[in-house]
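A.B. asks: Starting off with a structure, shown below.
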Amino acid sequence: MSDWLDHLRALAGQKPVAMAPVAMISVLASEGSAPRGAGTRMLVTAETPFGTIGGGQLEFRAIEQARAILSQPAGAWRVQDYPLGPLLGQCCGGRVRLLVEHLDPARLGWLAHAAEGRVLVSALRPGTIERRVVADAAAPPLSARGDRPREGDVLAERIGQYRRPLYLFGAGHVGQAIARHATGLPLRLCWFDSRPLFETIEGVATVAEDAIEACLADAADDAAVVILTHDHGLDYRLVRAALARPALALVGVIGSQTKRARFLARLHREGVDGPTCARLTCPIGQPGIAGKEPDVIAIATLAQLLALPAPGERVAPQIEPAMSCETRLIGSAGA
């Protein structure tokens, strides 16, 4: 999560004043199907990029902006917004807000104190950015829409904090409660709905219903998928698409044991094998937290997500006989 620090220290070397001109691209905020979340950075020299903000057309355009700013004095910066649509090769919508700057070699003293878990504080000044590193401080997330940060603003972020991608489908009452309570948690929200009436809600990317499954193609393997749309048929399509790809951290859908049984029966009819069916979580939510209120469901779901093992964390294997979706259906129906 903080490889950019190693790249920057290598470029700076022991004598920052001799450092070749370097631009830094920082993801300030994102929503929808953004390839990377806030805190992701890459460095760009006239010849070479170091790191990535997700590749594709977004990164290509950002590198262009980074090399353009190298022609300006050291310390120069700008905030740039990129809508994620067909022009950037993105079908699922959303937006990314980037900070592009020409790093000033004389203002890299903060590098000596930067480390994962500490908070990087950046003050936007005319023609420069003043940075310092503190042990701890509030680091509220920034918005990818509305007014962009400008001179006089102070930004804070926790360095290297892992945030699991949460692909949330549905912006109804429960979806809004999940998004509201997820603020401040180590989750990167990628939020989608097919209904245009929700496009004014911050963080929601509206995607045509016949294209929404394609948004799952962008999900990293450590992503959690939570499905709670307004339509059971759409829920099933999203479940089917999520199970058809390599295993994710969680594929969960809101609903009852009856809904689970119906989905498993349909998966069996469509030839889905037992191990794949076993990846479906329905109902969602941490066991033991009861209640049907949106806030209760949201907190139970977030508790379940926070309990997921981190990438690379060893988990004791669950040994059980091979089962088909049909066998699982009979088991759940008899429970």
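Following the order of the structure tokens, chains are lettered A, B, ..., residues in each are numbered from 1, and ligands are numbered from 1.
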Taking 5 positions as the minimum chain separation for residues in the same chain, which residues sit within 10 Å of Val154 in chain A when counting only C-alpha atoms? Answer as a PyMOL selection string.
C.D. replies: chain A and resi 121-125+129-131+149
A.B. asks: In range 95-304 of chain A, what's strand (DSSP E) per DSSP? Answer as an NGL selection string?
C.D. replies: :A and (95-102 or 119-125 or 128-134 or 154-158 or 164-169 or 187-193 or 204-206 or 224-227 or 250-253 or 280-281)
A.B. asks: Can you pull out every residue from range 104-319 of chain A that DSSP, working from the backbone, puts in alpha helix (DSSP H), and format the result as a PyMOL selection string?
C.D. replies: chain A and resi 173-182+232-244+257-269+274-277+294-306
A.B. asks: Can you tell me how far CA of Glu209 in chain A sits from CA of Cys92 in chain A, in Å to one decimal?
C.D. replies: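 CA of Glu209 in chain A sits 10.6 Å away from CA of Cys92 in chain A.
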A.B. asks: Which residues, written as an MDAnalysis selection string, have at least one atom at most 10 Å from Thr48 in chain A, with only C-alpha atoms counted and residues fewer than 4 positions away on the same chain left out?
C.D. replies: chainID A and resid 22 43:44 63
